[in-house]
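These notes are about the structure you will find just below.
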Amino acid sequence: MTIQTVATTPFAGQRPGTSGLRKKVTEFQQPGYLENFVEAIFLTLGEGAERSLVVGGDGRYFNRQAVQTILRMAAAHGIERVLVGRGGILSTPAVSCVIRKHAAFGGIVLSASHNPGGPDGDFGIKYNIENGGPAPEKITEAIFANTQTLTAYRISDAPPVDLDVLGTTRIENMVVEVIDPVADYAGLMARLFDFDAIRALFARGFSMRFDAMHAVSGPYAHAILEGMLGAPSGTVINGVPREDFGGGHPDPNPVNAAELIALMNGPGAPDFGAASDGDGDRNMIVGRRLAVTPSDSLAIIAANATVAPGYKHGISGIARSMPTSTAADRVADALGISCFETPTGWKYFGNLMDANLVTLCGEESYGTGSHHIREKDGLWAVLFWLNLLAASGKGVEQIVREHWARFGRNYYSRHDYEAVDAGAADQMMQALREQLPELAGRRLDGHHVAEADDFVYNDPVDGSVATRQGIRIIMSDGSRIVFRLSGTGTEGATIRLYLERYEPDPARHDLDTQEALRRLAEIADDISGLRRRTGRESPTVIT
Ligand code: G16
């Protein structure tokens with residue numbers, strides 16, 4: 001075994017987006033592409049002894065190959081020990097959990113999350129820091145800067161490590177420990193939630209389907225739901241991770257998890273449904289004929305946090321991403337705690353959790369989590385709901401309706417226009433920015449615009465400032481229209497239009513969501529020229 005120095009030249013476009021570097025698999029397969037990015041990570045981390053690293057991914061196509069490359073490069077950069085999940089598998093929340101539990105220096109996560117996989121699909125890589133969370137922007141920008149100037153990368157020529165056998169081997173001086181990907185995570189969940197109560201719920205005949213969407217949460221859900229909690233076998237569906245997610249789009253929303261939604265809307269539906277995404281950090285919660293919006297789920301978890309043993313002393317605060325509905329703000333008000341509004345991206349929650357300013361965080365993009373780790377956590381949210389159902393003896397619909405009756409309902413929807421022309425999308429955002437000064441104070445189809453801005457976030461912990469985080473048009477009745485460009489797409493641009501309308505009157509809580517938001521959608525199109533500029537008549541995905 002020797003360490004090689006291989007000459008290389010920079011690739012364009014290696015700037016990490018909302019959540020790491022995400023590109024087509026074919027782009028990652030170019031010789032040196034992955035190596036350059038990993039070299040840039042190690043250059044950013046600098047040298048130092050006694051450092052351990054966690055490595056794992058969601059098992060998608062190219063995962064195993066990438067893990068082997070990263071191990072050989074870690075050995076060449078003086079890392080002392082790497083913990084890698086068996087089969088190269090670790091869900092994103094499990095990486096965060098393992099980093100924290102084993103006091104690792106950081107971790108490398110291989111995933112393009114909810115994006116499709118397979119040879120023609122997407123791949124991704126991101127770096128997580130020692131708190132277990134995604135690297136903040138100052139680190140991702142430093143990594144990007146290194147990708148633009150590097151001239152060589154270092155790698156050991158050691159043979160591949162057997163990733164399928166638990167135990168310890170070596171590459172150069174580095175110890176490689178293949179760990180059970182589920183054990184640490186499952187132990188943490190058992191400490192946070194009332195597993196006895198959930199076990200008793202299943203023992204009483206409570207029925208559930210968890211759709212793992214052929215992705216990484218399958219092994220975790222099998223072990224925890226069917227193993228530790230005694231749910232009948234068959235509770236977890238699509239539970240074996242596949243490199244191409246069975247050809248599907250592993251995004252737990254009503255559009256992509258259509259199989260689960262059909263089941264929950266059909267005759268003989270189980271009591272409870274849930275789904276998770278490619279890397280196990282997203283979740284969707286479903287009752288009979290009712291998909292709970294992620295924004296409502298966050299608010300409901302916050303309002304009921306103390307039912308779970310891990311949160312029995314209450315929560316210190318809540319944070320939500322700016323486009324997420326303001327349902328959680330109303331709960332925070334009632335609890336007398338703060339609700340922070342951050343830009344889209346889980347990385348913005350890390351400082352708030354580290355400073356103990358917030359316990360719970362959530363995003364409209366099907367992400368919910370708490371300070372137990374520093375990533376959003378799909379199964380965690382599902383276990384919270386199971387704990388709540390067990391403790392209250394109520395069904396999903398009753399819980400949701402009672403929540404709306406108490407706090408009001410925030411009708412909410414996101415309209416995605418995917419793979420549109422990037423130039424047209426930029427022009428639309430620019431034109432909106434230029435209109436901002438004259439929008440405030442205007443009346444738009446019966447709505448009075450109270451505020452219109454391009455969201456700026458001032459991090460209260462480290463003072464960093466993030467600008468141009470999305471156009472907000474806030475009406476005096478609390479309704480909102482938000483425009484953003486996605487930072488996770490790999491083709492053209494994706495425009496996200498977020499619509500929200502607050503309805504306090506329980507007699508008006510039964511409207512169809514799209515109908516309730518129709519006028520706001522029309523206003524949004526009028527002021528942005530969205531359809532005209534993109535040539536699209538309607539969104540590609542509505543969630
Ligand atoms: C990532 C981020 C989330 C973000 C989501 C969508 O999730 O971690 O914070 O809400 O992307 O981002 P965008 O609107 O920029 O596409 P994941 O599950 O893809 O890692």
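Within each chain, counting starts at residue 1; across the structure tokens, chains are named A, B, ... in the order shown, with ligands numbered 1 upward in that order.
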- Message: Can you tell me which residues surround stretch 227-233 of chain A at a distance of at most 6 Å, considering only C-alpha atoms, apart from same-chain residues fewer than 4 positions away, and format the answer as a PyMOL selection string?
- Response: chain A and resi 199+202+223
Grab the residues selected above and save them as a PDB file, in the first residue's frame with N, CA and C atoms.
ATOM      1  N   ARG A 199     -45.651  -0.015  21.769  1.00  0.00           N
ATOM      2  CA  ARG A 199     -45.774  -1.488  21.687  1.00  0.00           C
ATOM      3  C   ARG A 199     -47.193  -1.914  22.072  1.00  0.00           C
ATOM      4  N   PHE A 202     -49.662  -1.201  19.207  1.00  0.00           N
ATOM      5  CA  PHE A 202     -49.645  -2.230  18.154  1.00  0.00           C
ATOM      6  C   PHE A 202     -50.275  -3.530  18.664  1.00  0.00           C
ATOM      7  N   ALA A 223     -36.249  -2.712  11.619  1.00  0.00           N
ATOM      8  CA  ALA A 223     -35.678  -3.015  12.939  1.00  0.00           C
ATOM      9  C   ALA A 223     -36.482  -2.359  14.060  1.00  0.00           C
TER      10      ALA A 223
END
- Please give me, as a PyMOL selection string, the residues lying within 9 Å of ligand 1 when counting only C-alpha atoms and all ligand atoms. chain A and resi 17-20+92+111-115+134+251+277-282+321+343-348+362-367+375-376+484-489+494-496
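All residues in stretch 44-100 of chain A with a DSSP state of strand (DSSP E or B), computed from the backbone, read Ser52, Leu53, Val54, Val55, Gly56, Gly57, Arg81, Val82, Leu83, Val84, Gly85, Arg86, Gly87, Gly88 and Ile89 of chain A.
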Need to verify the contact set: stretch 500-510 of chain A, 9 Å, only C-alpha atoms, exclusion of same-chain residues closer than 2 positions in sequence. Can you return it as a PDB file with all heavy atoms, in the first residue's frame?
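Full text of result_33.pdb as output:
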ATOM      1  N   THR A 324     -41.923  27.796   5.104  1.00  0.00           N
ATOM      2  CA  THR A 324     -42.809  26.931   5.882  1.00  0.00           C
ATOM      3  C   THR A 324     -43.949  27.760   6.469  1.00  0.00           C
ATOM      4  O   THR A 324     -43.732  28.920   6.845  1.00  0.00           O
ATOM      5  CB  THR A 324     -41.993  26.264   7.013  1.00  0.00           C
ATOM      6  OG1 THR A 324     -40.911  25.560   6.393  1.00  0.00           O
ATOM      7  CG2 THR A 324     -42.823  25.305   7.842  1.00  0.00           C
ATOM      8  N   SER A 325     -45.136  27.184   6.583  1.00  0.00           N
ATOM      9  CA  SER A 325     -46.280  27.988   7.038  1.00  0.00           C
ATOM     10  C   SER A 325     -46.060  28.481   8.467  1.00  0.00           C
ATOM     11  O   SER A 325     -45.242  27.936   9.217  1.00  0.00           O
ATOM     12  CB  SER A 325     -47.587  27.201   6.946  1.00  0.00           C
ATOM     13  OG  SER A 325     -47.946  26.660   8.207  1.00  0.00           O
ATOM     14  N   THR A 326     -46.838  29.477   8.832  1.00  0.00           N
ATOM     15  CA  THR A 326     -46.663  30.090  10.144  1.00  0.00           C
ATOM     16  C   THR A 326     -47.482  29.370  11.230  1.00  0.00           C
ATOM     17  O   THR A 326     -47.661  29.905  12.330  1.00  0.00           O
ATOM     18  CB  THR A 326     -47.057  31.582  10.094  1.00  0.00           C
ATOM     19  OG1 THR A 326     -48.368  31.676   9.536  1.00  0.00           O
ATOM     20  CG2 THR A 326     -46.097  32.382   9.237  1.00  0.00           C
ATOM     21  N   ALA A 327     -47.951  28.152  10.926  1.00  0.00           N
ATOM     22  CA  ALA A 327     -48.731  27.399  11.936  1.00  0.00           C
ATOM     23  C   ALA A 327     -47.922  27.222  13.228  1.00  0.00           C
ATOM     24  O   ALA A 327     -48.475  27.332  14.333  1.00  0.00           O
ATOM     25  CB  ALA A 327     -49.143  26.045  11.375  1.00  0.00           C
ATOM     26  N   ARG A 401     -57.745  18.021  13.403  1.00  0.00           N
ATOM     27  CA  ARG A 401     -58.917  18.918  13.470  1.00  0.00           C
ATOM     28  C   ARG A 401     -58.960  19.694  14.796  1.00  0.00           C
ATOM     29  O   ARG A 401     -59.294  20.879  14.817  1.00  0.00           O
ATOM     30  CB  ARG A 401     -60.202  18.122  13.280  1.00  0.00           C
ATOM     31  CG  ARG A 401     -60.371  17.727  11.844  1.00  0.00           C
ATOM     32  CD  ARG A 401     -61.745  17.203  11.524  1.00  0.00           C
ATOM     33  NE  ARG A 401     -61.809  16.984  10.094  1.00  0.00           N
ATOM     34  CZ  ARG A 401     -62.023  17.939   9.197  1.00  0.00           C
ATOM     35  NH1 ARG A 401     -62.247  19.170   9.582  1.00  0.00           N
ATOM     36  NH2 ARG A 401     -62.032  17.658   7.906  1.00  0.00           N
ATOM     37  N   TRP A 404     -56.469  22.503  14.517  1.00  0.00           N
ATOM     38  CA  TRP A 404     -56.994  23.639  13.728  1.00  0.00           C
ATOM     39  C   TRP A 404     -58.037  24.418  14.517  1.00  0.00           C
ATOM     40  O   TRP A 404     -58.082  25.646  14.462  1.00  0.00           O
ATOM     41  CB  TRP A 404     -57.645  23.129  12.437  1.00  0.00           C
ATOM     42  CG  TRP A 404     -56.699  22.569  11.425  1.00  0.00           C
ATOM     43  CD1 TRP A 404     -55.345  22.760  11.347  1.00  0.00           C
ATOM     44  CD2 TRP A 404     -57.054  21.712  10.330  1.00  0.00           C
ATOM     45  NE1 TRP A 404     -54.836  22.083  10.266  1.00  0.00           N
ATOM     46  CE2 TRP A 404     -55.856  21.429   9.622  1.00  0.00           C
ATOM     47  CE3 TRP A 404     -58.246  21.161   9.869  1.00  0.00           C
ATOM     48  CZ2 TRP A 404     -55.838  20.614   8.492  1.00  0.00           C
ATOM     49  CZ3 TRP A 404     -58.228  20.359   8.731  1.00  0.00           C
ATOM     50  CH2 TRP A 404     -57.035  20.090   8.059  1.00  0.00           C
ATOM     51  N   ALA A 405     -58.897  23.697  15.241  1.00  0.00           N
ATOM     52  CA  ALA A 405     -59.961  24.376  15.986  1.00  0.00           C
ATOM     53  C   ALA A 405     -59.339  25.301  17.034  1.00  0.00           C
ATOM     54  O   ALA A 405     -59.835  26.400  17.292  1.00  0.00           O
ATOM     55  CB  ALA A 405     -60.879  23.354  16.640  1.00  0.00           C
ATOM     56  N   ARG A 406     -58.242  24.873  17.614  1.00  0.00           N
ATOM     57  CA  ARG A 406     -57.612  25.682  18.661  1.00  0.00           C
ATOM     58  C   ARG A 406     -56.777  26.835  18.104  1.00  0.00           C
ATOM     59  O   ARG A 406     -56.826  27.961  18.605  1.00  0.00           O
ATOM     60  CB  ARG A 406     -56.727  24.763  19.515  1.00  0.00           C
ATOM     61  CG  ARG A 406     -56.012  25.486  20.616  1.00  0.00           C
ATOM     62  CD  ARG A 406     -55.335  24.551  21.594  1.00  0.00           C
ATOM     63  NE  ARG A 406     -54.465  25.323  22.455  1.00  0.00           N
ATOM     64  CZ  ARG A 406     -53.359  24.868  23.002  1.00  0.00           C
ATOM     65  NH1 ARG A 406     -53.001  23.609  22.803  1.00  0.00           N
ATOM     66  NH2 ARG A 406     -52.613  25.629  23.756  1.00  0.00           N
ATOM     67  N   PHE A 407     -55.999  26.524  17.039  1.00  0.00           N
ATOM     68  CA  PHE A 407     -55.029  27.533  16.557  1.00  0.00           C
ATOM     69  C   PHE A 407     -55.428  28.183  15.231  1.00  0.00           C
ATOM     70  O   PHE A 407     -54.784  29.137  14.799  1.00  0.00           O
ATOM     71  CB  PHE A 407     -53.657  26.878  16.356  1.00  0.00           C
ATOM     72  CG  PHE A 407     -53.012  26.413  17.631  1.00  0.00           C
ATOM     73  CD1 PHE A 407     -53.103  25.088  18.026  1.00  0.00           C
ATOM     74  CD2 PHE A 407     -52.322  27.301  18.446  1.00  0.00           C
ATOM     75  CE1 PHE A 407     -52.507  24.658  19.208  1.00  0.00           C
ATOM     76  CE2 PHE A 407     -51.731  26.885  19.623  1.00  0.00           C
ATOM     77  CZ  PHE A 407     -51.822  25.559  20.007  1.00  0.00           C
ATOM     78  N   GLY A 408     -56.473  27.663  14.578  1.00  0.00           N
ATOM     79  CA  GLY A 408     -56.780  28.118  13.221  1.00  0.00           C
ATOM     80  C   GLY A 408     -56.056  27.238  12.219  1.00  0.00           C
ATOM     81  O   GLY A 408     -55.127  26.511  12.570  1.00  0.00           O
ATOM     82  N   ARG A 409     -56.523  27.283  10.963  1.00  0.00           N
ATOM     83  CA  ARG A 409     -55.892  26.449   9.934  1.00  0.00           C
ATOM     84  C   ARG A 409     -55.087  27.305   8.975  1.00  0.00           C
ATOM     85  O   ARG A 409     -55.581  28.315   8.460  1.00  0.00           O
ATOM     86  CB  ARG A 409     -56.966  25.668   9.159  1.00  0.00           C
ATOM     87  CG  ARG A 409     -56.362  24.865   8.033  1.00  0.00           C
ATOM     88  CD  ARG A 409     -57.337  23.918   7.349  1.00  0.00           C
ATOM     89  NE  ARG A 409     -56.609  23.174   6.320  1.00  0.00           N
ATOM     90  CZ  ARG A 409     -57.135  22.316   5.478  1.00  0.00           C
ATOM     91  NH1 ARG A 409     -58.430  22.045   5.553  1.00  0.00           N
ATOM     92  NH2 ARG A 409     -56.399  21.701   4.571  1.00  0.00           N
ATOM     93  N   ASN A 410     -53.870  26.911   8.712  1.00  0.00           N
ATOM     94  CA  ASN A 410     -53.048  27.571   7.694  1.00  0.00           C
ATOM     95  C   ASN A 410     -53.137  26.738   6.423  1.00  0.00           C
ATOM     96  O   ASN A 410     -52.429  25.736   6.289  1.00  0.00           O
ATOM     97  CB  ASN A 410     -51.582  27.666   8.150  1.00  0.00           C
ATOM     98  CG  ASN A 410     -51.406  28.636   9.290  1.00  0.00           C
ATOM     99  OD1 ASN A 410     -51.802  28.356  10.420  1.00  0.00           O
ATOM    100  ND2 ASN A 410     -50.833  29.788   8.997  1.00  0.00           N
ATOM    101  N   TYR A 411     -54.042  27.127   5.515  1.00  0.00           N
ATOM    102  CA  TYR A 411     -54.067  26.434   4.218  1.00  0.00           C
ATOM    103  C   TYR A 411     -52.719  26.663   3.562  1.00  0.00           C
ATOM    104  O   TYR A 411     -52.216  27.804   3.543  1.00  0.00           O
ATOM    105  CB  TYR A 411     -55.181  26.999   3.339  1.00  0.00           C
ATOM    106  CG  TYR A 411     -56.552  26.492   3.723  1.00  0.00           C
ATOM    107  CD1 TYR A 411     -57.419  27.281   4.457  1.00  0.00           C
ATOM    108  CD2 TYR A 411     -56.969  25.216   3.353  1.00  0.00           C
ATOM    109  CE1 TYR A 411     -58.676  26.818   4.817  1.00  0.00           C
ATOM    110  CE2 TYR A 411     -58.221  24.745   3.709  1.00  0.00           C
ATOM    111  CZ  TYR A 411     -59.066  25.543   4.445  1.00  0.00           C
ATOM    112  OH  TYR A 411     -60.296  25.076   4.793  1.00  0.00           O
ATOM    113  N   TYR A 412     -52.135  25.610   3.020  1.00  0.00           N
ATOM    114  CA  TYR A 412     -50.756  25.748   2.549  1.00  0.00           C
ATOM    115  C   TYR A 412     -50.489  24.831   1.370  1.00  0.00           C
ATOM    116  O   TYR A 412     -50.914  23.670   1.360  1.00  0.00           O
ATOM    117  CB  TYR A 412     -49.796  25.364   3.683  1.00  0.00           C
ATOM    118  CG  TYR A 412     -48.350  25.614   3.315  1.00  0.00           C
ATOM    119  CD1 TYR A 412     -47.806  26.890   3.446  1.00  0.00           C
ATOM    120  CD2 TYR A 412     -47.561  24.601   2.792  1.00  0.00           C
ATOM    121  CE1 TYR A 412     -46.515  27.147   3.064  1.00  0.00           C
ATOM    122  CE2 TYR A 412     -46.251  24.853   2.405  1.00  0.00           C
ATOM    123  CZ  TYR A 412     -45.737  26.126   2.548  1.00  0.00           C
ATOM    124  OH  TYR A 412     -44.449  26.388   2.163  1.00  0.00           O
ATOM    125  N   SER A 413     -49.767  25.332   0.395  1.00  0.00           N
ATOM    126  CA  SER A 413     -49.374  24.478  -0.730  1.00  0.00           C
ATOM    127  C   SER A 413     -48.110  25.022  -1.391  1.00  0.00           C
ATOM    128  O   SER A 413     -47.852  26.226  -1.355  1.00  0.00           O
ATOM    129  CB  SER A 413     -50.508  24.439  -1.762  1.00  0.00           C
ATOM    130  OG  SER A 413     -50.167  23.600  -2.837  1.00  0.00           O
ATOM    131  N   ARG A 414     -47.349  24.100  -1.975  1.00  0.00           N
ATOM    132  CA  ARG A 414     -46.163  24.503  -2.750  1.00  0.00           C
ATOM    133  C   ARG A 414     -46.364  24.047  -4.188  1.00  0.00           C
ATOM    134  O   ARG A 414     -46.717  22.902  -4.423  1.00  0.00           O
ATOM    135  CB  ARG A 414     -44.910  23.844  -2.166  1.00  0.00           C
ATOM    136  CG  ARG A 414     -43.640  24.301  -2.854  1.00  0.00           C
ATOM    137  CD  ARG A 414     -42.434  23.688  -2.167  1.00  0.00           C
ATOM    138  NE  ARG A 414     -41.914  22.575  -2.929  1.00  0.00           N
ATOM    139  CZ  ARG A 414     -40.928  21.791  -2.525  1.00  0.00           C
ATOM    140  NH1 ARG A 414     -40.358  21.986  -1.357  1.00  0.00           N
ATOM    141  NH2 ARG A 414     -40.493  20.812  -3.276  1.00  0.00           N
ATOM    142  N   ASP A 477     -53.632  40.091   6.276  1.00  0.00           N
ATOM    143  CA  ASP A 477     -54.406  39.041   6.956  1.00  0.00           C
ATOM    144  C   ASP A 477     -53.556  37.798   7.241  1.00  0.00           C
ATOM    145  O   ASP A 477     -54.083  36.756   7.612  1.00  0.00           O
ATOM    146  CB  ASP A 477     -55.633  38.653   6.120  1.00  0.00           C
ATOM    147  CG  ASP A 477     -55.245  38.034   4.783  1.00  0.00           C
ATOM    148  OD1 ASP A 477     -54.032  37.921   4.494  1.00  0.00           O
ATOM    149  OD2 ASP A 477     -56.150  37.659   4.015  1.00  0.00           O
ATOM    150  N   GLY A 478     -52.243  37.903   7.035  1.00  0.00           N
ATOM    151  CA  GLY A 478     -51.354  36.774   7.334  1.00  0.00           C
ATOM    152  C   GLY A 478     -51.115  35.872   6.125  1.00  0.00           C
ATOM    153  O   GLY A 478     -50.263  34.984   6.169  1.00  0.00           O
ATOM    154  N   SER A 479     -51.850  36.072   5.045  1.00  0.00           N
ATOM    155  CA  SER A 479     -51.602  35.267   3.837  1.00  0.00           C
ATOM    156  C   SER A 479     -50.222  35.599   3.294  1.00  0.00           C
ATOM    157  O   SER A 479     -49.741  36.723   3.460  1.00  0.00           O
ATOM    158  CB  SER A 479     -52.644  35.577   2.764  1.00  0.00           C
ATOM    159  OG  SER A 479     -53.927  35.245   3.217  1.00  0.00           O
ATOM    160  N   ARG A 480     -49.605  34.614   2.631  1.00  0.00           N
ATOM    161  CA  ARG A 480     -48.261  34.871   2.085  1.00  0.00           C
ATOM    162  C   ARG A 480     -48.110  34.243   0.708  1.00  0.00           C
ATOM    163  O   ARG A 480     -48.638  33.160   0.439  1.00  0.00           O
ATOM    164  CB  ARG A 480     -47.180  34.270   2.993  1.00  0.00           C
ATOM    165  CG  ARG A 480     -47.087  34.890   4.371  1.00  0.00           C
ATOM    166  CD  ARG A 480     -45.790  34.484   5.063  1.00  0.00           C
ATOM    167  NE  ARG A 480     -45.564  33.050   4.992  1.00  0.00           N
ATOM    168  CZ  ARG A 480     -44.382  32.469   5.226  1.00  0.00           C
ATOM    169  NH1 ARG A 480     -43.332  33.200   5.540  1.00  0.00           N
ATOM    170  NH2 ARG A 480     -44.264  31.160   5.161  1.00  0.00           N
ATOM    171  N   ILE A 481     -47.328  34.924  -0.121  1.00  0.00           N
ATOM    172  CA  ILE A 481     -46.878  34.348  -1.390  1.00  0.00           C
ATOM    173  C   ILE A 481     -45.355  34.411  -1.332  1.00  0.00           C
ATOM    174  O   ILE A 481     -44.786  35.461  -1.038  1.00  0.00           O
ATOM    175  CB  ILE A 481     -47.374  35.195  -2.588  1.00  0.00           C
ATOM    176  CG1 ILE A 481     -48.903  35.162  -2.666  1.00  0.00           C
ATOM    177  CG2 ILE A 481     -46.757  34.698  -3.886  1.00  0.00           C
ATOM    178  CD1 ILE A 481     -49.475  36.141  -3.686  1.00  0.00           C
ATOM    179  N   VAL A 482     -44.694  33.280  -1.590  1.00  0.00           N
ATOM    180  CA  VAL A 482     -43.230  33.260  -1.542  1.00  0.00           C
ATOM    181  C   VAL A 482     -42.707  32.634  -2.833  1.00  0.00           C
ATOM    182  O   VAL A 482     -43.255  31.625  -3.306  1.00  0.00           O
ATOM    183  CB  VAL A 482     -42.736  32.444  -0.317  1.00  0.00           C
ATOM    184  CG1 VAL A 482     -41.218  32.276  -0.357  1.00  0.00           C
ATOM    185  CG2 VAL A 482     -43.167  33.106   0.997  1.00  0.00           C
ATOM    186  N   TYR A 498     -44.740  29.239  -3.064  1.00  0.00           N
ATOM    187  CA  TYR A 498     -45.352  28.782  -1.819  1.00  0.00           C
ATOM    188  C   TYR A 498     -46.541  29.682  -1.513  1.00  0.00           C
ATOM    189  O   TYR A 498     -46.412  30.906  -1.565  1.00  0.00           O
ATOM    190  CB  TYR A 498     -44.364  28.875  -0.656  1.00  0.00           C
ATOM    191  CG  TYR A 498     -42.980  28.276  -0.894  1.00  0.00           C
ATOM    192  CD1 TYR A 498     -42.003  28.991  -1.581  1.00  0.00           C
ATOM    193  CD2 TYR A 498     -42.649  27.019  -0.402  1.00  0.00           C
ATOM    194  CE1 TYR A 498     -40.729  28.468  -1.768  1.00  0.00           C
ATOM    195  CE2 TYR A 498     -41.371  26.483  -0.581  1.00  0.00           C
ATOM    196  CZ  TYR A 498     -40.417  27.211  -1.261  1.00  0.00           C
ATOM    197  OH  TYR A 498     -39.161  26.696  -1.435  1.00  0.00           O
ATOM    198  N   ASP A 512     -61.269  22.724   0.009  1.00  0.00           N
ATOM    199  CA  ASP A 512     -60.198  22.073  -0.731  1.00  0.00           C
ATOM    200  C   ASP A 512     -58.993  23.033  -0.732  1.00  0.00           C
ATOM    201  O   ASP A 512     -59.153  24.236  -0.970  1.00  0.00           O
ATOM    202  CB  ASP A 512     -60.682  21.820  -2.168  1.00  0.00           C
ATOM    203  CG  ASP A 512     -59.552  21.371  -3.053  1.00  0.00           C
ATOM    204  OD1 ASP A 512     -59.135  20.221  -2.913  1.00  0.00           O
ATOM    205  OD2 ASP A 512     -59.069  22.196  -3.875  1.00  0.00           O
ATOM    206  N   THR A 513     -57.812  22.516  -0.441  1.00  0.00           N
ATOM    207  CA  THR A 513     -56.639  23.393  -0.274  1.00  0.00           C
ATOM    208  C   THR A 513     -56.381  24.243  -1.516  1.00  0.00           C
ATOM    209  O   THR A 513     -56.179  25.463  -1.418  1.00  0.00           O
ATOM    210  CB  THR A 513     -55.388  22.552   0.062  1.00  0.00           C
ATOM    211  OG1 THR A 513     -55.642  21.861   1.280  1.00  0.00           O
ATOM    212  CG2 THR A 513     -54.152  23.412   0.209  1.00  0.00           C
ATOM    213  N   ALA A 516     -58.895  26.904  -1.818  1.00  0.00           N
ATOM    214  CA  ALA A 516     -58.695  27.952  -0.808  1.00  0.00           C
ATOM    215  C   ALA A 516     -57.568  28.902  -1.219  1.00  0.00           C
ATOM    216  O   ALA A 516     -57.560  30.069  -0.822  1.00  0.00           O
ATOM    217  CB  ALA A 516     -58.385  27.311   0.547  1.00  0.00           C
ATOM    218  N   LEU A 517     -56.633  28.405  -2.005  1.00  0.00           N
ATOM    219  CA  LEU A 517     -55.448  29.214  -2.356  1.00  0.00           C
ATOM    220  C   LEU A 517     -55.494  29.751  -3.787  1.00  0.00           C
ATOM    221  O   LEU A 517     -54.547  30.389  -4.245  1.00  0.00           O
ATOM    222  CB  LEU A 517     -54.181  28.356  -2.168  1.00  0.00           C
ATOM    223  CG  LEU A 517     -53.924  27.876  -0.730  1.00  0.00           C
ATOM    224  CD1 LEU A 517     -52.792  26.859  -0.697  1.00  0.00           C
ATOM    225  CD2 LEU A 517     -53.572  29.064   0.179  1.00  0.00           C
ATOM    226  N   LEU A 520     -54.798  33.472  -4.437  1.00  0.00           N
ATOM    227  CA  LEU A 520     -53.387  33.829  -4.180  1.00  0.00           C
ATOM    228  C   LEU A 520     -52.501  33.357  -5.331  1.00  0.00           C
ATOM    229  O   LEU A 520     -51.565  34.041  -5.740  1.00  0.00           O
ATOM    230  CB  LEU A 520     -52.910  33.205  -2.862  1.00  0.00           C
ATOM    231  CG  LEU A 520     -53.372  33.874  -1.575  1.00  0.00           C
ATOM    232  CD1 LEU A 520     -52.915  33.056  -0.375  1.00  0.00           C
ATOM    233  CD2 LEU A 520     -52.817  35.308  -1.472  1.00  0.00           C
TER     234      LEU A 520
END
- Query: Can you tell me, as an NGL selection string, what residues are no more than 10 Å from A:Val67 when counting only C-alpha atoms, ignoring any on the same chain fewer than 2 positions away?
  - Reply: :A and (55-57 or 62-65 or 69-73 or 84-85 or 87-89 or 108-110 or 160-161 or 163)
- Pick out each residue of stretch 211-423 of chain A that DSSP on the backbone tags as helix (DSSP H, G or I); I need them as a ChimeraX atom specification. /A:217-228,245-247,258-265,294-303,305-307,309-311,327-335,346-354,378-392,396-407,422-423
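Shortest atom-to-atom contact with A:Lys126 among A:Lys101, A:Arg15, A:His77, A:His249: A:Arg15, counting only C-alpha atoms.
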- Item | Selected residue, from A:Cys361, A:Val255, A:Ile542, A:Glu39, that lies nearest to A:Gln514 when counting only C-alpha atoms | A:Ile542
- Query: Looking at only C-alpha atoms, which of A:Leu379, A:Ile129, A:Met1, A:Ala269 is the one that sits closest to A:Gly218?
  - Reply: A:Leu379
- Which distance in Å separates atom CA of A:Glu522 and atom CA of A:Ala466, to one decimal?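 That distance, rounded to one decimal, is 29.5 Å.
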- In Å to one decimal, how far is atom CA of A:Ala274 from atom CA of A:Ala212?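 Separation of atom CA of A:Ala212 and atom CA of A:Ala274: 8.6 Å.
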- Contacts of A:Thr342 at 9 Å (only C-alpha atoms; same-chain gap of 2+ positions) as a list in words: Ala319, Arg320, Ser321, Met322, Pro323, Phe340, Thr344, Gly345, Tyr348, Phe349, Val456, Tyr457, Asn458 and Asp459 of chain A
- Message: Can you tell me which residues surround stretch 438-455 of chain A at a distance of at most 6 Å, considering only C-alpha atoms, apart from same-chain residues fewer than 5 positions away, and format the answer as a ChimeraX atom specification?
- Response: /A:468-476
With N, CA and C atoms retained, write the just-selected residues as a CSV table (one decimal), in the first residue's frame.
chain,number,residue,atom,x,y,z
A,468,ARG,N,-30.8,37.4,-0.1
A,468,ARG,CA,-31.5,36.9,-1.3
A,468,ARG,C,-32.0,35.4,-1.1
A,469,GLN,N,-32.8,35.2,0.0
A,469,GLN,CA,-33.2,33.9,0.3
A,469,GLN,C,-34.7,33.6,-0.1
A,470,GLY,N,-35.3,34.5,-0.9
A,470,GLY,CA,-36.6,34.2,-1.4
A,470,GLY,C,-37.5,35.5,-1.3
A,471,ILE,N,-38.3,35.7,-2.3
A,471,ILE,CA,-39.2,36.9,-2.3
A,471,ILE,C,-40.4,36.6,-1.5
A,472,ARG,N,-40.7,37.4,-0.5
A,472,ARG,CA,-41.9,37.3,0.4
A,472,ARG,C,-42.9,38.4,0.1
A,473,ILE,N,-44.1,38.0,-0.1
A,473,ILE,CA,-45.2,39.0,-0.2
A,473,ILE,C,-46.2,38.7,0.9
A,474,ILE,N,-46.2,39.5,1.9
A,474,ILE,CA,-47.0,39.2,3.1
A,474,ILE,C,-48.2,40.1,3.2
A,475,MET,N,-49.4,39.5,3.3
A,475,MET,CA,-50.6,40.3,3.3
A,475,MET,C,-51.0,40.6,4.8
A,476,SER,N,-51.8,41.6,4.9
A,476,SER,CA,-52.1,42.1,6.3
A,476,SER,C,-53.0,41.0,7.0
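Among the candidates A:Glu341, A:Asp377, A:Leu357, A:Glu226, the one nearest to A:Ser276 when counting only C-alpha atoms is A:Asp377.
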